[in-house]
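Next up, structure-v2.txt (compact mmCIF, C-alpha atoms):
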```txt
# COMPACT_ATOMS: atom_id res chain seq x y z
CA MET A 1 13.21 -3.55 8.38
CA THR A 2 15.78 -5.76 6.78
CA ASP A 3 16.86 -6.02 3.17
CA THR A 4 17.13 -9.61 2.05
CA ARG A 5 17.44 -9.36 -1.72
CA ARG A 6 19.85 -7.92 -4.18
CA ARG A 7 17.88 -5.09 -5.72
CA ASN A 8 17.80 -4.03 -9.32
CA GLU A 9 19.78 -0.91 -10.15
CA ILE A 10 17.27 1.92 -9.85
CA ARG A 11 18.15 5.35 -11.18
CA LEU A 12 16.08 8.23 -9.94
CA ASP A 13 17.18 11.33 -11.79
CA PRO A 14 15.87 14.61 -10.41
CA ASP A 15 12.58 15.67 -11.93
CA PRO A 16 12.03 19.45 -11.91
CA VAL A 17 8.29 19.14 -11.21
CA ILE A 18 8.85 16.84 -8.26
CA GLU A 19 11.65 19.08 -7.00
CA ALA A 20 9.17 21.96 -6.98
CA TYR A 21 6.65 19.91 -4.97
CA LYS A 22 9.42 18.82 -2.60
CA ARG A 23 9.92 22.37 -1.38
CA ASP A 24 6.51 22.23 0.35
CA ILE A 25 7.08 18.95 2.16
CA ASP A 26 7.13 19.29 5.94
CA ARG A 27 10.29 17.37 6.73
CA THR A 28 9.81 17.71 10.48
CA LEU A 29 6.91 15.22 10.21
CA LEU A 30 9.08 12.82 8.25
CA ARG A 31 11.93 13.04 10.74
CA GLU A 32 9.51 12.24 13.57
CA ASN A 33 8.13 9.26 11.62
CA LEU A 34 11.60 7.95 10.89
CA LYS A 35 12.19 7.71 14.65
CA LEU A 36 9.20 5.33 14.96
CA SER A 37 9.08 1.59 14.40
CA VAL A 38 7.02 0.28 11.46
CA ASP A 39 4.30 -0.85 13.89
CA GLU A 40 4.16 2.62 15.41
CA ARG A 41 3.85 4.18 11.96
CA PHE A 42 0.84 1.99 11.18
CA ARG A 43 -0.77 2.65 14.58
CA LYS A 44 -0.34 6.38 13.97
CA LEU A 45 -1.95 5.99 10.55
CA MET A 46 -4.94 4.16 12.04
CA ALA A 47 -5.33 6.86 14.71
CA LEU A 48 -5.28 9.45 11.91
CA GLN A 49 -7.94 7.46 10.04
CA ARG A 50 -10.15 7.40 13.15
CA PHE A 51 -9.70 11.15 13.55
CA ALA A 52 -10.53 11.78 9.87
CA GLU A 53 -13.62 9.60 10.18
CA GLU A 54 -14.76 11.50 13.28
CA LEU A 55 -14.23 14.84 11.51
CA ARG A 56 -16.32 13.63 8.57
CA ARG A 57 -19.07 12.51 10.95
CA ALA A 58 -19.00 15.88 12.74
CA GLY A 59 -19.12 17.69 9.40
CA ARG A 60 -22.15 15.67 8.32
CA ALA A 61 -23.87 16.32 11.65
CA ALA A 62 -23.30 20.07 11.33
CA ARG A 63 -24.96 20.30 7.90
CA MET B 1 -11.60 2.59 8.93
CA THR B 2 -9.33 -0.05 7.48
CA ASP B 3 -8.14 -2.71 9.89
CA PHE B 4 -4.59 -3.01 8.59
CA GLU B 5 -3.64 -5.61 11.14
CA GLY B 6 -6.74 -7.70 10.41
CA LEU B 7 -6.23 -7.65 6.66
CA LEU B 8 -2.55 -8.51 6.92
CA LYS B 9 -3.46 -11.42 9.23
CA VAL B 10 -6.04 -12.69 6.78
CA LEU B 11 -3.48 -12.66 3.97
CA ARG B 12 -0.82 -14.27 6.13
CA ASP B 13 -3.14 -16.96 7.51
CA GLY B 14 -4.33 -17.73 3.99
CA GLY B 15 -0.76 -18.20 2.77
CA VAL B 16 -1.18 -15.48 0.13
CA GLU B 17 1.93 -14.32 -1.73
CA TYR B 18 1.73 -10.54 -2.01
CA ILE B 19 3.75 -7.33 -1.92
CA LEU B 20 2.60 -4.26 -0.04
CA VAL B 21 2.63 -1.23 -2.37
CA GLY B 22 0.97 2.20 -2.52
CA GLY B 23 0.13 4.32 0.51
CA ALA B 24 0.53 1.54 3.08
CA ALA B 25 4.02 0.82 1.77
CA ALA B 26 4.73 4.55 1.96
CA THR B 27 3.58 4.49 5.62
CA ALA B 28 5.99 1.65 6.32
CA HIS B 29 8.78 3.80 4.88
CA GLY B 30 7.81 6.78 7.07
CA SER B 31 5.24 8.73 5.05
CA ALA B 32 3.04 11.12 7.02
CA ARG B 33 0.20 11.01 4.48
CA LEU B 34 -3.20 9.54 5.25
CA THR B 35 -4.16 6.47 3.27
CA GLU B 36 -7.47 4.68 3.63
CA ASP B 37 -6.77 1.35 2.00
CA ILE B 38 -4.22 -1.40 1.51
CA ASP B 39 -2.77 -1.88 -1.96
CA VAL B 40 -1.08 -5.17 -2.73
CA VAL B 41 0.37 -6.82 -5.82
CA TYR B 42 -0.42 -10.52 -5.69
CA SER B 43 1.18 -13.45 -7.43
CA ARG B 44 -0.94 -14.75 -10.33
CA THR B 45 0.02 -18.39 -9.95
CA PRO B 46 -3.02 -20.72 -9.83
CA GLU B 47 -2.04 -21.79 -6.30
CA ASN B 48 -1.87 -18.23 -5.05
CA ILE B 49 -5.13 -17.26 -6.73
CA ALA B 50 -6.79 -20.17 -4.91
CA CYS B 51 -5.25 -19.00 -1.61
CA LEU B 52 -6.42 -15.43 -2.22
CA ALA B 53 -9.95 -16.54 -3.00
CA SER B 54 -10.19 -18.69 0.15
CA ALA B 55 -8.46 -16.20 2.44
CA LEU B 56 -10.71 -13.27 1.61
CA ARG B 57 -14.03 -15.11 1.31
CA PRO B 58 -14.89 -14.75 5.04
CA CYS B 59 -14.37 -10.96 4.69
CA SER B 60 -17.23 -10.69 2.15
CA PRO B 61 -15.26 -8.93 -0.60
CA TYR B 62 -17.34 -6.82 -2.96
CA LEU B 63 -16.51 -4.35 -5.73
CA ARG B 64 -16.02 -1.02 -3.99
CA GLY B 65 -18.43 1.65 -5.14
CA ALA B 66 -20.55 -0.77 -7.16
CA PRO B 67 -24.29 -0.86 -6.54
CA PRO B 68 -25.39 -3.61 -4.18
CA GLY B 69 -26.86 -6.79 -5.58
CA LEU B 70 -24.54 -7.35 -8.54
CA PRO B 71 -23.91 -11.01 -9.33
CA PHE B 72 -20.33 -10.70 -8.10
CA GLN B 73 -18.85 -13.94 -6.90
CA TRP B 74 -15.53 -13.98 -5.11
CA ASP B 75 -13.74 -17.12 -6.22
CA ALA B 76 -10.63 -18.28 -8.02
CA GLU B 77 -12.34 -18.11 -11.39
CA THR B 78 -13.29 -14.46 -10.91
CA ILE B 79 -9.71 -13.60 -9.94
CA ARG B 80 -8.30 -15.57 -12.85
CA ARG B 81 -10.58 -13.81 -15.34
CA GLY B 82 -9.79 -10.38 -13.89
CA LEU B 83 -6.53 -8.72 -12.92
CA ASN B 84 -6.98 -5.73 -10.63
CA PHE B 85 -9.75 -5.49 -8.04
CA THR B 86 -10.75 -2.57 -5.83
CA LEU B 87 -12.62 -4.23 -3.00
CA SER B 88 -14.53 -3.33 0.09
CA THR B 89 -14.31 -6.00 2.76
CA SER B 90 -15.55 -6.40 6.30
CA LEU B 91 -12.05 -5.30 7.40
CA GLY B 92 -11.86 -2.26 5.14
CA SER B 93 -10.74 -1.32 1.67
CA LEU B 94 -8.32 -3.57 -0.16
CA ASP B 95 -6.93 -3.06 -3.66
CA LEU B 96 -5.51 -6.13 -5.36
CA PHE B 97 -3.25 -5.70 -8.36
CA GLY B 98 -2.11 -8.44 -10.68
CA GLU B 99 0.16 -5.84 -12.27
CA ILE B 100 0.99 -2.20 -11.68
CA ALA B 101 2.06 0.48 -14.13
CA GLY B 102 5.82 0.80 -14.27
CA GLY B 103 6.27 -2.20 -12.02
CA GLY B 104 4.68 -5.15 -13.71
CA SER B 105 3.90 -8.34 -11.87
CA TYR B 106 4.60 -9.75 -8.44
CA GLU B 107 7.58 -11.66 -9.79
CA SER B 108 9.16 -8.61 -11.40
CA LEU B 109 8.79 -6.56 -8.21
CA LEU B 110 10.11 -9.27 -5.91
CA PRO B 111 13.83 -8.40 -6.22
CA ASP B 112 13.08 -4.86 -5.03
CA CYS B 113 11.16 -5.81 -1.91
CA ILE B 114 12.13 -5.60 1.70
CA ASP B 115 10.93 -7.99 4.39
CA LEU B 116 9.27 -6.35 7.31
CA THR B 117 7.21 -7.34 10.31
CA VAL B 118 4.05 -5.37 11.02
CA PHE B 119 2.02 -6.20 14.14
CA GLY B 120 4.10 -9.36 14.37
CA ILE B 121 3.11 -10.38 10.85
CA PRO B 122 5.93 -10.89 8.34
CA CYS B 123 5.19 -9.30 4.99
CA ARG B 124 6.91 -8.14 1.85
CA CYS B 125 6.92 -4.45 1.06
CA LEU B 126 8.14 -2.69 -2.04
CA GLY B 127 11.45 -0.93 -1.38
CA LEU B 128 11.48 2.84 -1.28
CA ASP B 129 13.41 3.41 -4.52
CA ARG B 130 11.17 1.07 -6.50
CA LEU B 131 8.07 2.57 -4.93
CA ILE B 132 9.19 5.98 -6.17
CA GLN B 133 9.98 4.53 -9.57
CA VAL B 134 6.57 2.92 -10.05
CA LYS B 135 4.74 6.01 -8.84
CA ARG B 136 6.75 8.11 -11.27
CA ALA B 137 5.99 5.66 -14.07
CA ALA B 138 2.25 5.73 -13.32
CA GLY B 139 2.37 9.42 -14.29
CA ARG B 140 -0.71 10.43 -12.30
CA PRO B 141 -0.86 14.10 -11.31
CA LYS B 142 -2.41 13.14 -7.96
CA ASP B 143 0.78 11.26 -7.07
CA LEU B 144 3.11 14.23 -7.43
CA GLU B 145 2.93 15.26 -3.77
CA ALA B 146 3.29 11.66 -2.63
CA ILE B 147 6.36 11.17 -4.85
CA ALA B 148 7.89 14.39 -3.54
CA GLU B 149 7.37 13.15 0.01
CA LEU B 150 8.90 9.74 -0.76
CA GLU B 151 11.92 11.40 -2.34
CA ALA B 152 12.26 13.67 0.70
CA LEU B 153 12.14 10.55 2.91
CA ARG B 154 14.89 9.02 0.81
CA GLU B 155 17.02 12.11 1.36
CA GLU B 156 16.28 12.19 5.09
CA ARG B 157 17.22 8.52 5.43
CA GLY B 158 20.42 9.23 3.56
CA ARG B 159 21.31 11.90 6.10
CA SER B 160 20.82 9.76 9.19
```

Can you dump the structure from the file as structure tokens?
Amino acid sequence: MTDTRRRNEIRLDPDPVIEAYKRDIDRTLLRENLKLSVDERFRKLMALQRFAEELRRAGRAAR
Amino acid sequence: MTDFEGLLKVLRDGGVEYILVGGAAATAHGSARLTEDIDVVYSRTPENIACLASALRPCSPYLRGAPPGLPFQWDAETIRRGLNFTLSTSLGSLDLFGEIAGGGSYESLLPDCIDLTVFGIPCRCLGLDRLIQVKRAAGRPKDLEAIAELEALREERGRS
């Protein structure tokens, strides 16, 4: 990824609600994703979609 | 399943001016969350609306969740009269936004974009800080976890 534009100044002050949610984020997953290229991130997402779709199908079949 | 590569190719081949936002943009930044669609903010110029109408027509766009058989016609006039469209297409779900809460239009988001290449396709993606900002501004409870994850990504990137 490359930045090509001068961005607007964006201030993101800490929000206590978001800080509370942040405590439950699994950062190990994020660190693994940050090691991947953008293409690899999208391929992983599509594999996850296929898996979710298969689980839904299996769930329907079991009912 | 959404064919991300296929949809991005359709937009690229059609010469559509757009910015990747939402869950797909979050994926590009490293999010581990599952998203099922592509959200884009498109430029509302007459030229771009014409490009968008032509580019998507072969993908049979239809209003997602609407009953079949509605007199929905995908053309430049429909896009011009509307603003935001949640579509199902032959390549998967695609949400088109003329404007987004807290972000405004394509033109106002443009300075906060990054250029990236996905599957060999150049595209514009909303930068991480602005993505957080617009999600915060939208104020939807369902986004709280996603915002927390994006902010955690921002911190992790700052550490490396």

Tell me the residues of chain A close to chain B, meaning within 9 Å using all atoms listed in the file, as a ChimeraX atom specification.
/A:1-8,10-12,17-27,29-39,41-42,45-46,48-50,52-53

What lies within 7 Å of segment 39-51 of chain B using all atoms listed in the file, ignoring chain neighbours under 5 positions off, as a short mmCIF file (atom, residue, chain, number, x, y, z; two decimals) with C-alpha atoms, in the frame of the given file?
```
data_model
loop_
_atom_site.label_atom_id
_atom_site.label_comp_id
_atom_site.auth_asym_id
_atom_site.auth_seq_id
_atom_site.Cartn_x
_atom_site.Cartn_y
_atom_site.Cartn_z
CA GLY B 14 -4.33 -17.73 3.99
CA GLY B 15 -0.76 -18.20 2.77
CA VAL B 16 -1.18 -15.48 0.13
CA GLU B 17 1.93 -14.32 -1.73
CA TYR B 18 1.73 -10.54 -2.01
CA ILE B 19 3.75 -7.33 -1.92
CA LEU B 20 2.60 -4.26 -0.04
CA VAL B 21 2.63 -1.23 -2.37
CA GLY B 22 0.97 2.20 -2.52
CA ALA B 24 0.53 1.54 3.08
CA ALA B 76 -10.63 -18.28 -8.02
CA ILE B 79 -9.71 -13.60 -9.94
CA LEU B 94 -8.32 -3.57 -0.16
CA ASP B 95 -6.93 -3.06 -3.66
CA LEU B 96 -5.51 -6.13 -5.36
CA PHE B 97 -3.25 -5.70 -8.36
CA GLY B 98 -2.11 -8.44 -10.68
CA GLU B 99 0.16 -5.84 -12.27
CA TYR B 106 4.60 -9.75 -8.44
#
```

Between B:Cys59, B:Ile38, B:Ala25, B:Leu52, which has the minimum distance to Leu126 of chain B (counting all atoms listed in the file)?
B:Ala25

In Å to one decimal, how far is atom CA of Arg154 of chain B from atom CA of Ile100 of chain B?
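Distance reported for this atom pair: 21.8 Å.
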
So how many Å separate atom CA of Ser54 of chain B and atom CA of Leu7 of chain B, to one decimal?
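Atom-to-atom, atom CA of Ser54 of chain B and atom CA of Leu7 of chain B are spaced 13.4 Å apart.
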
Atom pair atom CA of Pro16 of chain A / atom CA of Ala138 of chain B: separation (Å):
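Computed distance, atom CA of Pro16 of chain A to atom CA of Ala138 of chain B, equals 16.9 Å.
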